[in-house]
Structures are given as C-alpha cells and as structure tokens.
file target.pdb (PDB, C-alpha atoms)
ATOM      1  CA  MET Q 768     -25.038 -15.324 -19.657  1.00  0.00           C
ATOM      2  CA  THR Q 769     -27.087 -17.694 -17.562  1.00  0.00           C
ATOM      3  CA  PRO Q 770     -30.355 -16.167 -16.273  1.00  0.00           C
ATOM      4  CA  GLY Q 771     -29.891 -17.734 -12.802  1.00  0.00           C
ATOM      5  CA  ALA Q 772     -26.296 -16.562 -12.511  1.00  0.00           C
ATOM      6  CA  PRO Q 773     -25.363 -13.982  -9.872  1.00  0.00           C
ATOM      7  CA  PHE Q 774     -25.819 -10.354 -10.923  1.00  0.00           C
ATOM      8  CA  TRP Q 775     -22.081  -9.739 -11.367  1.00  0.00           C
ATOM      9  CA  LYS Q 776     -21.980 -12.514 -13.958  1.00  0.00           C
ATOM     10  CA  ARG Q 777     -25.174 -11.412 -15.713  1.00  0.00           C
ATOM     11  CA  LYS Q 778     -24.697  -7.660 -15.854  1.00  0.00           C
ATOM     12  CA  LYS Q 779     -22.144  -5.285 -17.218  1.00  0.00           C
ATOM     13  CA  LEU Q 780     -20.726  -2.936 -14.599  1.00  0.00           C
ATOM     14  CA  GLN Q 781     -22.560  -0.016 -16.235  1.00  0.00           C
ATOM     15  CA  ASP Q 782     -25.903  -1.839 -15.878  1.00  0.00           C
ATOM     16  CA  MET Q 783     -25.640  -2.523 -12.159  1.00  0.00           C
ATOM     17  CA  THR Q 784     -27.786  -0.706  -9.638  1.00  0.00           C
ATOM     18  CA  THR Q 785     -26.041   1.454  -7.056  1.00  0.00           C
ATOM     19  CA  ALA Q 786     -26.659  -1.224  -4.426  1.00  0.00           C
ATOM     20  CA  GLU Q 787     -25.187  -3.939  -6.661  1.00  0.00           C
ATOM     21  CA  TRP Q 788     -22.181  -1.766  -7.490  1.00  0.00           C
ATOM     22  CA  ASP Q 789     -21.537  -0.941  -3.843  1.00  0.00           C
ATOM     23  CA  SER Q 790     -21.870  -4.609  -2.854  1.00  0.00           C
ATOM     24  CA  LEU Q 791     -18.910  -5.458  -5.097  1.00  0.00           C
ATOM     25  CA  CYS Q 792     -16.529  -3.804  -2.643  1.00  0.00           C
ATOM     26  CA  ASP Q 793     -14.254  -6.481  -1.198  1.00  0.00           C
ATOM     27  CA  GLY Q 794     -14.054  -4.754   2.157  1.00  0.00           C
ATOM     28  CA  CYS Q 795     -10.260  -5.035   2.025  1.00  0.00           C
ATOM     29  CA  GLY Q 796      -9.575  -1.338   2.713  1.00  0.00           C
ATOM     30  CA  ARG Q 797      -6.636  -1.185   0.312  1.00  0.00           C
ATOM     31  CA  CYS Q 798      -8.107   1.630  -1.754  1.00  0.00           C
ATOM     32  CA  CYS Q 799      -8.230   3.757   1.406  1.00  0.00           C
ATOM     33  CA  LEU Q 800      -4.464   3.666   1.900  1.00  0.00           C
ATOM     34  CA  ILE Q 801      -2.533   6.870   1.271  1.00  0.00           C
ATOM     35  CA  LYS Q 802      -0.634   6.738  -2.007  1.00  0.00           C
ATOM     36  CA  ILE Q 803       2.357   8.810  -3.061  1.00  0.00           C
ATOM     37  CA  GLU Q 804       3.401   9.462  -6.636  1.00  0.00           C
ATOM     38  CA  ASP Q 805       7.130   9.132  -7.293  1.00  0.00           C
ATOM     39  CA  GLU Q 806       7.989  12.439  -8.957  1.00  0.00           C
ATOM     40  CA  GLU Q 807      10.790  10.910 -11.028  1.00  0.00           C
ATOM     41  CA  THR Q 808       9.083   7.767 -12.319  1.00  0.00           C
ATOM     42  CA  GLY Q 809       5.383   8.556 -11.920  1.00  0.00           C
ATOM     43  CA  ALA Q 810       4.985   5.265 -10.045  1.00  0.00           C
ATOM     44  CA  ILE Q 811       2.276   5.121  -7.412  1.00  0.00           C
ATOM     45  CA  LEU Q 812       3.701   4.043  -4.059  1.00  0.00           C
ATOM     46  CA  VAL Q 813       1.365   2.632  -1.433  1.00  0.00           C
ATOM     47  CA  THR Q 814       1.752   3.353   2.261  1.00  0.00           C
ATOM     48  CA  CYS Q 815       0.324   1.563   5.271  1.00  0.00           C
ATOM     49  CA  VAL Q 816      -1.237   4.882   6.311  1.00  0.00           C
ATOM     50  CA  ALA Q 817      -5.006   4.795   5.953  1.00  0.00           C
ATOM     51  CA  CYS Q 818      -7.616   7.474   5.582  1.00  0.00           C
ATOM     52  CA  ARG Q 819      -8.709   8.703   8.980  1.00  0.00           C
ATOM     53  CA  TYR Q 820     -12.243   7.490   8.276  1.00  0.00           C
ATOM     54  CA  LEU Q 821     -11.324   3.879   7.585  1.00  0.00           C
ATOM     55  CA  ASP Q 822     -12.340   1.571  10.407  1.00  0.00           C
ATOM     56  CA  SER Q 823      -9.269  -0.648  10.875  1.00  0.00           C
ATOM     57  CA  ASP Q 824     -11.379  -3.526  12.199  1.00  0.00           C
ATOM     58  CA  THR Q 825     -14.109  -3.672   9.554  1.00  0.00           C
ATOM     59  CA  CYS Q 826     -11.994  -2.130   6.741  1.00  0.00           C
ATOM     60  CA  ARG Q 827     -15.003  -0.016   5.801  1.00  0.00           C
ATOM     61  CA  CYS Q 828     -15.440   3.741   5.706  1.00  0.00           C
ATOM     62  CA  ARG Q 829     -17.050   5.151   8.836  1.00  0.00           C
ATOM     63  CA  HIS Q 830     -18.843   7.743   6.680  1.00  0.00           C
ATOM     64  CA  TYR Q 831     -19.310   5.908   3.384  1.00  0.00           C
ATOM     65  CA  GLU Q 832     -22.561   7.563   2.293  1.00  0.00           C
ATOM     66  CA  LYS Q 833     -21.203  11.061   2.986  1.00  0.00           C
ATOM     67  CA  ARG Q 834     -17.499  10.368   2.486  1.00  0.00           C
ATOM     68  CA  ARG Q 835     -17.019  13.264   0.084  1.00  0.00           C
ATOM     69  CA  ASP Q 836     -18.380  15.623   2.760  1.00  0.00           C
ATOM     70  CA  TYR Q 837     -15.729  14.365   5.183  1.00  0.00           C
ATOM     71  CA  ALA Q 838     -12.914  13.765   2.696  1.00  0.00           C
ATOM     72  CA  PRO Q 839     -13.408  15.824  -0.486  1.00  0.00           C
ATOM     73  CA  GLN Q 840     -10.309  14.201  -2.025  1.00  0.00           C
ATOM     74  CA  CYS Q 841     -11.881  10.735  -1.734  1.00  0.00           C
ATOM     75  CA  LEU Q 842     -12.309   9.252  -5.181  1.00  0.00           C
ATOM     76  CA  VAL Q 843     -15.687   7.857  -6.091  1.00  0.00           C
ATOM     77  CA  LEU Q 844     -15.164   4.791  -8.206  1.00  0.00           C
ATOM     78  CA  THR Q 845     -17.694   4.284 -11.006  1.00  0.00           C
ATOM     79  CA  PRO Q 846     -17.986   1.834 -13.904  1.00  0.00           C
ATOM     80  CA  ASP Q 847     -16.704   4.609 -16.159  1.00  0.00           C
ATOM     81  CA  THR Q 848     -13.683   5.481 -14.005  1.00  0.00           C
ATOM     82  CA  VAL Q 849     -12.518   2.078 -12.766  1.00  0.00           C
ATOM     83  CA  HIS Q 850      -9.904   1.894 -15.544  1.00  0.00           C
ATOM     84  CA  ASP Q 851      -8.520   5.309 -14.568  1.00  0.00           C
ATOM     85  CA  TYR Q 852      -7.036   3.983 -11.347  1.00  0.00           C
ATOM     86  CA  SER Q 853      -4.144   1.674 -12.181  1.00  0.00           C
ATOM     87  CA  TRP Q 854      -3.278   1.550  -8.488  1.00  0.00           C
ATOM     88  CA  LEU Q 855      -6.394  -0.473  -7.656  1.00  0.00           C
ATOM     89  CA  PRO Q 856      -5.201  -3.741  -6.141  1.00  0.00           C
ATOM     90  CA  GLU Q 857      -5.067  -6.724  -8.475  1.00  0.00           C
ATOM     91  CA  THR Q 858      -7.479  -8.383  -6.037  1.00  0.00           C
ATOM     92  CA  CYS Q 859     -10.098  -5.606  -6.276  1.00  0.00           C
ATOM     93  CA  ALA Q 860     -13.502  -6.866  -7.430  1.00  0.00           C
ATOM     94  CA  TYR Q 861     -14.128  -3.716  -9.462  1.00  0.00           C
ATOM     95  CA  ARG Q 862     -10.839  -4.175 -11.269  1.00  0.00           C
ATOM     96  CA  LEU Q 863     -11.282  -7.931 -11.736  1.00  0.00           C
ATOM     97  CA  LEU Q 864     -14.771  -7.632 -13.205  1.00  0.00           C
ATOM     98  CA  SER Q 865     -13.789  -4.712 -15.444  1.00  0.00           C
ATOM     99  CA  GLU Q 866     -11.008  -6.953 -16.806  1.00  0.00           C
ATOM    100  CA  GLY Q 867     -13.444  -9.824 -17.425  1.00  0.00           C
ATOM    101  CA  LYS Q 868     -12.102 -11.940 -14.560  1.00  0.00           C
ATOM    102  CA  GLU Q 869     -13.895 -13.916 -11.863  1.00  0.00           C
ATOM    103  CA  LEU Q 870     -14.315 -12.919  -8.231  1.00  0.00           C
ATOM    104  CA  PRO Q 871     -11.977 -14.872  -5.928  1.00  0.00           C
ATOM    105  CA  TRP Q 872     -13.220 -17.504  -3.486  1.00  0.00           C
ATOM    106  CA  TRP Q 873     -12.752 -15.168  -0.513  1.00  0.00           C
ATOM    107  CA  HIS Q 874     -14.984 -12.396  -1.889  1.00  0.00           C
ATOM    108  CA  HIS Q 875     -18.085 -12.129   0.304  1.00  0.00           C
ATOM    109  CA  LEU Q 876     -20.432 -12.445  -2.690  1.00  0.00           C
ATOM    110  CA  VAL Q 877     -18.828 -15.816  -3.498  1.00  0.00           C
ATOM    111  CA  SER Q 878     -18.127 -17.112   0.013  1.00  0.00           C
ATOM    112  CA  GLY Q 879     -21.247 -15.666   1.633  1.00  0.00           C
ATOM    113  CA  ASP Q 880     -19.104 -14.432   4.509  1.00  0.00           C
ATOM    114  CA  PRO Q 881     -17.679 -10.889   4.828  1.00  0.00           C
ATOM    115  CA  GLN Q 882     -15.058 -12.312   7.201  1.00  0.00           C
ATOM    116  CA  SER Q 883     -13.423 -14.353   4.413  1.00  0.00           C
ATOM    117  CA  VAL Q 884     -11.517 -11.344   3.004  1.00  0.00           C
ATOM    118  CA  HIS Q 885      -9.834 -11.022   6.396  1.00  0.00           C
ATOM    119  CA  ASP Q 886      -9.336 -14.775   6.849  1.00  0.00           C
ATOM    120  CA  ALA Q 887      -7.632 -14.923   3.433  1.00  0.00           C
ATOM    121  CA  GLY Q 888      -5.192 -12.186   4.501  1.00  0.00           C
ATOM    122  CA  ILE Q 889      -6.291  -9.826   1.742  1.00  0.00           C
ATOM    123  CA  SER Q 890      -7.570  -7.004   3.926  1.00  0.00           C
ATOM    124  CA  VAL Q 891      -5.569  -4.354   5.746  1.00  0.00           C
ATOM    125  CA  ARG Q 892      -7.232  -5.249   9.038  1.00  0.00           C
ATOM    126  CA  HIS Q 893      -4.958  -4.277  11.931  1.00  0.00           C
ATOM    127  CA  LYS Q 894      -1.995  -3.752   9.577  1.00  0.00           C
ATOM    128  CA  ILE Q 895      -2.353  -0.008   9.111  1.00  0.00           C
ATOM    129  CA  ILE Q 896      -1.980   3.254  10.941  1.00  0.00           C
ATOM    130  CA  SER Q 897      -4.515   6.047  10.645  1.00  0.00           C
ATOM    131  CA  GLU Q 898      -3.408   9.271   9.022  1.00  0.00           C
ATOM    132  CA  ARG Q 899      -4.531  10.935  12.278  1.00  0.00           C
ATOM    133  CA  TYR Q 900      -1.303   9.693  13.841  1.00  0.00           C
ATOM    134  CA  VAL Q 901       1.136  10.483  11.035  1.00  0.00           C
ATOM    135  CA  HIS Q 902       2.358  13.902   9.956  1.00  0.00           C
ATOM    136  CA  PRO Q 903       1.702  14.319   6.204  1.00  0.00           C
ATOM    137  CA  GLY Q 904       5.387  15.040   5.660  1.00  0.00           C
ATOM    138  CA  ASP Q 905       6.216  11.619   7.070  1.00  0.00           C
ATOM    139  CA  PHE Q 906       3.973   9.496   4.809  1.00  0.00           C
ATOM    140  CA  ASP Q 907       6.969   8.409   2.726  1.00  0.00           C
ATOM    141  CA  ALA Q 908       8.402   6.637   5.785  1.00  0.00           C
ATOM    142  CA  TYR Q 909       5.382   4.297   5.597  1.00  0.00           C
ATOM    143  CA  ILE Q 910       5.755   3.185   1.976  1.00  0.00           C
ATOM    144  CA  THR Q 911       5.263  -0.570   1.625  1.00  0.00           C
ATOM    145  CA  ASP Q 912       4.819  -3.087  -1.167  1.00  0.00           C
ATOM    146  CA  VAL Q 913       3.058  -5.656   0.963  1.00  0.00           C
ATOM    147  CA  PHE Q 914      -0.443  -4.436   0.017  1.00  0.00           C
ATOM    148  CA  GLY Q 915       0.060  -4.123  -3.719  1.00  0.00           C
ATOM    149  CA  ASP Q 916       0.991  -7.644  -4.762  1.00  0.00           C
ATOM    150  CA  PRO Q 917      -1.460 -10.453  -4.007  1.00  0.00           C
ATOM    151  CA  SER Q 918       1.438 -12.855  -3.622  1.00  0.00           C
ATOM    152  CA  HIS Q 919       2.505 -10.686  -0.660  1.00  0.00           C
ATOM    153  CA  ALA Q 920      -0.988 -10.318   0.795  1.00  0.00           C
ATOM    154  CA  PRO Q 921      -0.802  -8.944   4.315  1.00  0.00           C
TER
END

call {"tool": "encode", "arguments": {"input": "target.pdb", "output": "structure tokens"}}
result
Amino acid sequence: MTPGAPFWKRKKLQDMTTAEWDSLCDGCGRCCLIKIEDEETGAILVTCVACRYLDSDTCRCRHYEKRRDYAPQCLVLTPDTVHDYSWLPETCAYRLLSEGKELPWWHHLVSGDPQSVHDAGISVRHKIISERYVHPGDFDAYITDVFGDPSHAP
C-alpha cells in the first residue's frame, strides 16, 4: 500500500477511525429503505419507503449521531458486521471495500463532491416516500427492484 494513498486504500476497515469509517458512507440513502423478507424464499425485498428520519433531499439521517435513540431497530454497520447484510447495495462503499473493490468515480471521497452520488443517479433523492405516510401493513405495495441493481440505478 502506497503511503500517500487515501486512507481507504491504506487501511483495513477494522483499522479506520470512527470519522474515517463514517466518511465512507455514499450518502445514497439506500440502506435506509424499508426491507421486507419474503417468508417463502427468504429473499430480502426493497421498498421505496424510507425511514422517517431520512432526509429525502440530502439522503442523510436527520439524527445520525443518536439514531438508535430515535429508531432502536436501526442497524449500526461496523467493519465486523458489514458481511452480515447481504442486502447492502452493490454500490455501497462499505460493501465494495470489504470485498476488496475500488470506490466508484461518483463517491464523494473520489470525486470530491457529495453531489456526485445524486448526479450519477445512485441516490434515492426524491424517489422515496417516508414511512410517516405509509401504513406498515401497506409496505409490500411499495416493493421495487429499481434500487437494488446498479444497472437500474434510480
């Protein structure tokens, strides 16, 4: 590893500081979409319904630092648990780096611009509905495949 290389190329995920780890987030908002497990197949189905705390413009949590206080079911991704979540988007920086892959051109750490994730059509910006407006029994009506496959990026 080159000493002058960016931290994500020099360090293992487990060796990153909290600030470095947090900065890996793409800002796409896809992990904040409500998911449903198909009882018959075990498949994880993604909806276009987002956590009530996701800001649909910035695609960031409104209460990130205290998200577990607001949403106890919110999963906290760590270097040790990243492989536990097969539903992480194929575009997710945490997933990519854990698989030994490079960050894409649109990732803000590569492009230098947090807007590039939106410009590339990767984020859920303005393509979601907050769970505040959907009855939990109706989530299945919002199942979509558009967010899961990078070739169908929203």

call {"tool": "residues_near_point", "arguments": {"input": "target.pdb", "point": "(-16.8, -4.6, 7.7)", "cutoff": "7 Å", "atoms": "all atoms listed in the file", "output": "mmCIF file with C-alpha atoms, in the frame of the given file"}}
result
data_model
loop_
_atom_site.group_PDB
_atom_site.id
_atom_site.type_symbol
_atom_site.label_atom_id
_atom_site.label_comp_id
_atom_site.auth_asym_id
_atom_site.auth_seq_id
_atom_site.Cartn_x
_atom_site.Cartn_y
_atom_site.Cartn_z
ATOM 1 C CA GLY Q 794 -14.054 -4.754 2.157
ATOM 2 C CA THR Q 825 -14.109 -3.672 9.554
ATOM 3 C CA CYS Q 826 -11.994 -2.130 6.741
ATOM 4 C CA ARG Q 827 -15.003 -0.016 5.801
ATOM 5 C CA PRO Q 881 -17.679 -10.889 4.828
#

call {"tool": "resolve_selection", "arguments": {"input": "target.pdb", "expression": "the PyMOL selection byres ((chain Q and resi 902-906) around 9)", "output": "VMD selection string"}}
result
chain Q and resid 801 to 803 814 to 816 898 to 901 907 to 910

call {"tool": "residues_near_point", "arguments": {"input": "target.pdb", "point": "(-11.5, 9.4, -1.7)", "cutoff": "10 Å", "atoms": "only C-alpha atoms", "output": "list in words"}}
result
Cys798, Cys799, Leu800, Ile801, Cys818, Tyr831, Arg834, Arg835, Tyr837, Ala838, Pro839, Gln840, Cys841, Leu842, Val843 and Leu844 of chain Q

call {"tool": "closest_residue", "arguments": {"input": "target.pdb", "among": "Q:Trp854, Q:Gly796, Q:Thr848, Q:Trp872", "to": "Asp824 (chain Q)", "atoms": "all atoms listed in the file"}}
result
Q:Gly796

call {"tool": "atom_distance", "arguments": {"input": "target.pdb", "atom1": "CA of Lys868 (chain Q)", "atom2": "CA of Ser823 (chain Q)"}}
result
28.0 Å

call {"tool": "atom_distance", "arguments": {"input": "target.pdb", "atom1": "CA of Arg892 (chain Q)", "atom2": "CA of Ala817 (chain Q)"}}
result
10.7 Å

call {"tool": "atom_distance", "arguments": {"input": "target.pdb", "atom1": "CA of Arg797 (chain Q)", "atom2": "CA of Thr784 (chain Q)"}}
result
23.4 Å

call {"tool": "closest_residue", "arguments": {"input": "target.pdb", "among": "Q:Ala772, Q:Pro846, Q:Val884, Q:Arg862", "to": "Thr785 (chain Q)", "atoms": "only C-alpha atoms"}}
result
Q:Pro846

call {"tool": "closest_residue", "arguments": {"input": "target.pdb", "among": "Q:Thr845, Q:Tyr820, Q:Gly809, Q:Cys795", "to": "Ser865 (chain Q)", "atoms": "only C-alpha atoms"}}
result
Q:Thr845

call {"tool": "resolve_selection", "arguments": {"input": "target.pdb", "expression": "the PyMOL selection byres ((chain Q and resi 887) around 12)", "output": "number ranges by chain"}}
result
Q: 793, 795, 858, 871-875, 878, 880-886, 888-892, 917-921

call {"tool": "write_last_selection", "arguments": {"input": "target.pdb", "atoms": "C-alpha atoms", "output": "PDB file, in the coordinates of the input"}}
result
ATOM      1  CA  ASP Q 793     -14.254  -6.481  -1.198  1.00  0.00           C
ATOM      2  CA  CYS Q 795     -10.260  -5.035   2.025  1.00  0.00           C
ATOM      3  CA  THR Q 858      -7.479  -8.383  -6.037  1.00  0.00           C
ATOM      4  CA  PRO Q 871     -11.977 -14.872  -5.928  1.00  0.00           C
ATOM      5  CA  TRP Q 872     -13.220 -17.504  -3.486  1.00  0.00           C
ATOM      6  CA  TRP Q 873     -12.752 -15.168  -0.513  1.00  0.00           C
ATOM      7  CA  HIS Q 874     -14.984 -12.396  -1.889  1.00  0.00           C
ATOM      8  CA  HIS Q 875     -18.085 -12.129   0.304  1.00  0.00           C
ATOM      9  CA  SER Q 878     -18.127 -17.112   0.013  1.00  0.00           C
ATOM     10  CA  ASP Q 880     -19.104 -14.432   4.509  1.00  0.00           C
ATOM     11  CA  PRO Q 881     -17.679 -10.889   4.828  1.00  0.00           C
ATOM     12  CA  GLN Q 882     -15.058 -12.312   7.201  1.00  0.00           C
ATOM     13  CA  SER Q 883     -13.423 -14.353   4.413  1.00  0.00           C
ATOM     14  CA  VAL Q 884     -11.517 -11.344   3.004  1.00  0.00           C
ATOM     15  CA  HIS Q 885      -9.834 -11.022   6.396  1.00  0.00           C
ATOM     16  CA  ASP Q 886      -9.336 -14.775   6.849  1.00  0.00           C
ATOM     17  CA  GLY Q 888      -5.192 -12.186   4.501  1.00  0.00           C
ATOM     18  CA  ILE Q 889      -6.291  -9.826   1.742  1.00  0.00           C
ATOM     19  CA  SER Q 890      -7.570  -7.004   3.926  1.00  0.00           C
ATOM     20  CA  VAL Q 891      -5.569  -4.354   5.746  1.00  0.00           C
ATOM     21  CA  ARG Q 892      -7.232  -5.249   9.038  1.00  0.00           C
ATOM     22  CA  PRO Q 917      -1.460 -10.453  -4.007  1.00  0.00           C
ATOM     23  CA  SER Q 918       1.438 -12.855  -3.622  1.00  0.00           C
ATOM     24  CA  HIS Q 919       2.505 -10.686  -0.660  1.00  0.00           C
ATOM     25  CA  ALA Q 920      -0.988 -10.318   0.795  1.00  0.00           C
ATOM     26  CA  PRO Q 921      -0.802  -8.944   4.315  1.00  0.00           C
TER      27      PRO Q 921
END

call {"tool": "closest_residue", "arguments": {"input": "target.pdb", "among": "Q:His850, Q:Arg777, Q:Leu821, Q:Ala786", "to": "Ile896 (chain Q)", "atoms": "all atoms listed in the file"}}
result
Q:Leu821

call {"tool": "residues_around", "arguments": {"input": "target.pdb", "residues": "Asp847 (chain Q)", "least_positions_apart": "4", "cutoff": "10 Å", "atoms": "all atoms listed in the file", "output": "PDB file with C-alpha atoms, keeping the file's coordinate frame"}}
result
ATOM      1  CA  LEU Q 780     -20.726  -2.936 -14.599  1.00  0.00           C
ATOM      2  CA  GLN Q 781     -22.560  -0.016 -16.235  1.00  0.00           C
ATOM      3  CA  ASP Q 851      -8.520   5.309 -14.568  1.00  0.00           C
ATOM      4  CA  SER Q 865     -13.789  -4.712 -15.444  1.00  0.00           C
TER       5      SER Q 865
END

call {"tool": "closest_residue", "arguments": {"input": "target.pdb", "among": "Q:Val813, Q:Lys894, Q:Leu876, Q:Cys859", "to": "Thr911 (chain Q)", "atoms": "only C-alpha atoms"}}
result
Q:Val813

call {"tool": "residues_around", "arguments": {"input": "target.pdb", "residues": "Phe774 (chain Q)", "least_positions_apart": "2", "cutoff": "12 Å", "atoms": "all atoms listed in the file", "output": "MDAnalysis selection string"}}
result
chainID Q and resid 768:772 776:780 782:784 786:788 790:791 864 876:877

call {"tool": "closest_residue", "arguments": {"input": "target.pdb", "among": "Q:Asp822, Q:Gly867, Q:Glu804, Q:Asp836", "to": "Trp775 (chain Q)", "atoms": "only C-alpha atoms"}}
result
Q:Gly867

call {"tool": "decode", "arguments": {"input": "target.pdb", "residues": "region 864-883 of chain Q", "atoms": "N, CA and C atoms", "output": "PDB file, in the first residue's frame"}}
result
ATOM      1  N   LEU Q 864     -15.521  -1.972  -0.392  1.00  0.00           N
ATOM      2  CA  LEU Q 864     -14.209  -2.066   0.243  1.00  0.00           C
ATOM      3  C   LEU Q 864     -14.039  -3.384   0.983  1.00  0.00           C
ATOM      4  N   SER Q 865     -15.102  -3.884   1.601  1.00  0.00           N
ATOM      5  CA  SER Q 865     -14.995  -5.172   2.302  1.00  0.00           C
ATOM      6  C   SER Q 865     -14.755  -6.314   1.319  1.00  0.00           C
ATOM      7  N   GLU Q 866     -15.156  -6.115   0.062  1.00  0.00           N
ATOM      8  CA  GLU Q 866     -14.946  -7.118  -0.988  1.00  0.00           C
ATOM      9  C   GLU Q 866     -13.657  -6.872  -1.767  1.00  0.00           C
ATOM     10  N   GLY Q 867     -12.859  -5.890  -1.325  1.00  0.00           N
ATOM     11  CA  GLY Q 867     -11.588  -5.607  -1.986  1.00  0.00           C
ATOM     12  C   GLY Q 867     -11.708  -4.830  -3.282  1.00  0.00           C
ATOM     13  N   LYS Q 868     -12.839  -4.152  -3.472  1.00  0.00           N
ATOM     14  CA  LYS Q 868     -13.080  -3.398  -4.703  1.00  0.00           C
ATOM     15  C   LYS Q 868     -12.795  -1.915  -4.494  1.00  0.00           C
ATOM     16  N   GLU Q 869     -12.744  -1.193  -5.579  1.00  0.00           N
ATOM     17  CA  GLU Q 869     -12.485   0.247  -5.565  1.00  0.00           C
ATOM     18  C   GLU Q 869     -13.775   1.039  -5.356  1.00  0.00           C
ATOM     19  N   LEU Q 870     -13.637   2.255  -4.861  1.00  0.00           N
ATOM     20  CA  LEU Q 870     -14.781   3.160  -4.783  1.00  0.00           C
ATOM     21  C   LEU Q 870     -15.068   3.680  -6.187  1.00  0.00           C
ATOM     22  N   PRO Q 871     -16.337   3.858  -6.535  1.00  0.00           N
ATOM     23  CA  PRO Q 871     -16.685   4.353  -7.871  1.00  0.00           C
ATOM     24  C   PRO Q 871     -16.368   5.845  -8.032  1.00  0.00           C
ATOM     25  N   TRP Q 872     -16.328   6.296  -9.245  1.00  0.00           N
ATOM     26  CA  TRP Q 872     -15.984   7.683  -9.561  1.00  0.00           C
ATOM     27  C   TRP Q 872     -16.901   8.686  -8.871  1.00  0.00           C
ATOM     28  N   TRP Q 873     -18.167   8.310  -8.658  1.00  0.00           N
ATOM     29  CA  TRP Q 873     -19.139   9.245  -8.106  1.00  0.00           C
ATOM     30  C   TRP Q 873     -19.094   9.336  -6.579  1.00  0.00           C
ATOM     31  N   HIS Q 874     -18.324   8.477  -5.931  1.00  0.00           N
ATOM     32  CA  HIS Q 874     -18.236   8.535  -4.466  1.00  0.00           C
ATOM     33  C   HIS Q 874     -17.551   9.848  -4.075  1.00  0.00           C
ATOM     34  N   HIS Q 875     -18.098  10.520  -3.076  1.00  0.00           N
ATOM     35  CA  HIS Q 875     -17.588  11.848  -2.704  1.00  0.00           C
ATOM     36  C   HIS Q 875     -16.118  11.848  -2.311  1.00  0.00           C
ATOM     37  N   LEU Q 876     -15.599  10.738  -1.790  1.00  0.00           N
ATOM     38  CA  LEU Q 876     -14.173  10.699  -1.445  1.00  0.00           C
ATOM     39  C   LEU Q 876     -13.297  10.642  -2.702  1.00  0.00           C
ATOM     40  N   VAL Q 877     -13.844  10.166  -3.793  1.00  0.00           N
ATOM     41  CA  VAL Q 877     -13.116  10.111  -5.068  1.00  0.00           C
ATOM     42  C   VAL Q 877     -13.350  11.399  -5.857  1.00  0.00           C
ATOM     43  N   SER Q 878     -14.608  11.791  -5.980  1.00  0.00           N
ATOM     44  CA  SER Q 878     -14.959  12.956  -6.801  1.00  0.00           C
ATOM     45  C   SER Q 878     -14.693  14.281  -6.097  1.00  0.00           C
ATOM     46  N   GLY Q 879     -14.696  14.259  -4.758  1.00  0.00           N
ATOM     47  CA  GLY Q 879     -14.544  15.498  -4.005  1.00  0.00           C
ATOM     48  C   GLY Q 879     -15.838  16.281  -3.887  1.00  0.00           C
ATOM     49  N   ASP Q 880     -16.933  15.701  -4.359  1.00  0.00           N
ATOM     50  CA  ASP Q 880     -18.206  16.412  -4.380  1.00  0.00           C
ATOM     51  C   ASP Q 880     -19.338  15.507  -3.894  1.00  0.00           C
ATOM     52  N   PRO Q 881     -19.958  15.831  -2.743  1.00  0.00           N
ATOM     53  CA  PRO Q 881     -21.057  14.998  -2.244  1.00  0.00           C
ATOM     54  C   PRO Q 881     -22.273  14.985  -3.164  1.00  0.00           C
ATOM     55  N   GLN Q 882     -22.344  15.902  -4.089  1.00  0.00           N
ATOM     56  CA  GLN Q 882     -23.446  15.962  -5.052  1.00  0.00           C
ATOM     57  C   GLN Q 882     -23.326  14.867  -6.120  1.00  0.00           C
ATOM     58  N   SER Q 883     -22.134  14.332  -6.318  1.00  0.00           N
ATOM     59  CA  SER Q 883     -21.923  13.391  -7.436  1.00  0.00           C
ATOM     60  C   SER Q 883     -22.722  12.101  -7.287  1.00  0.00           C
TER      61      SER Q 883
END
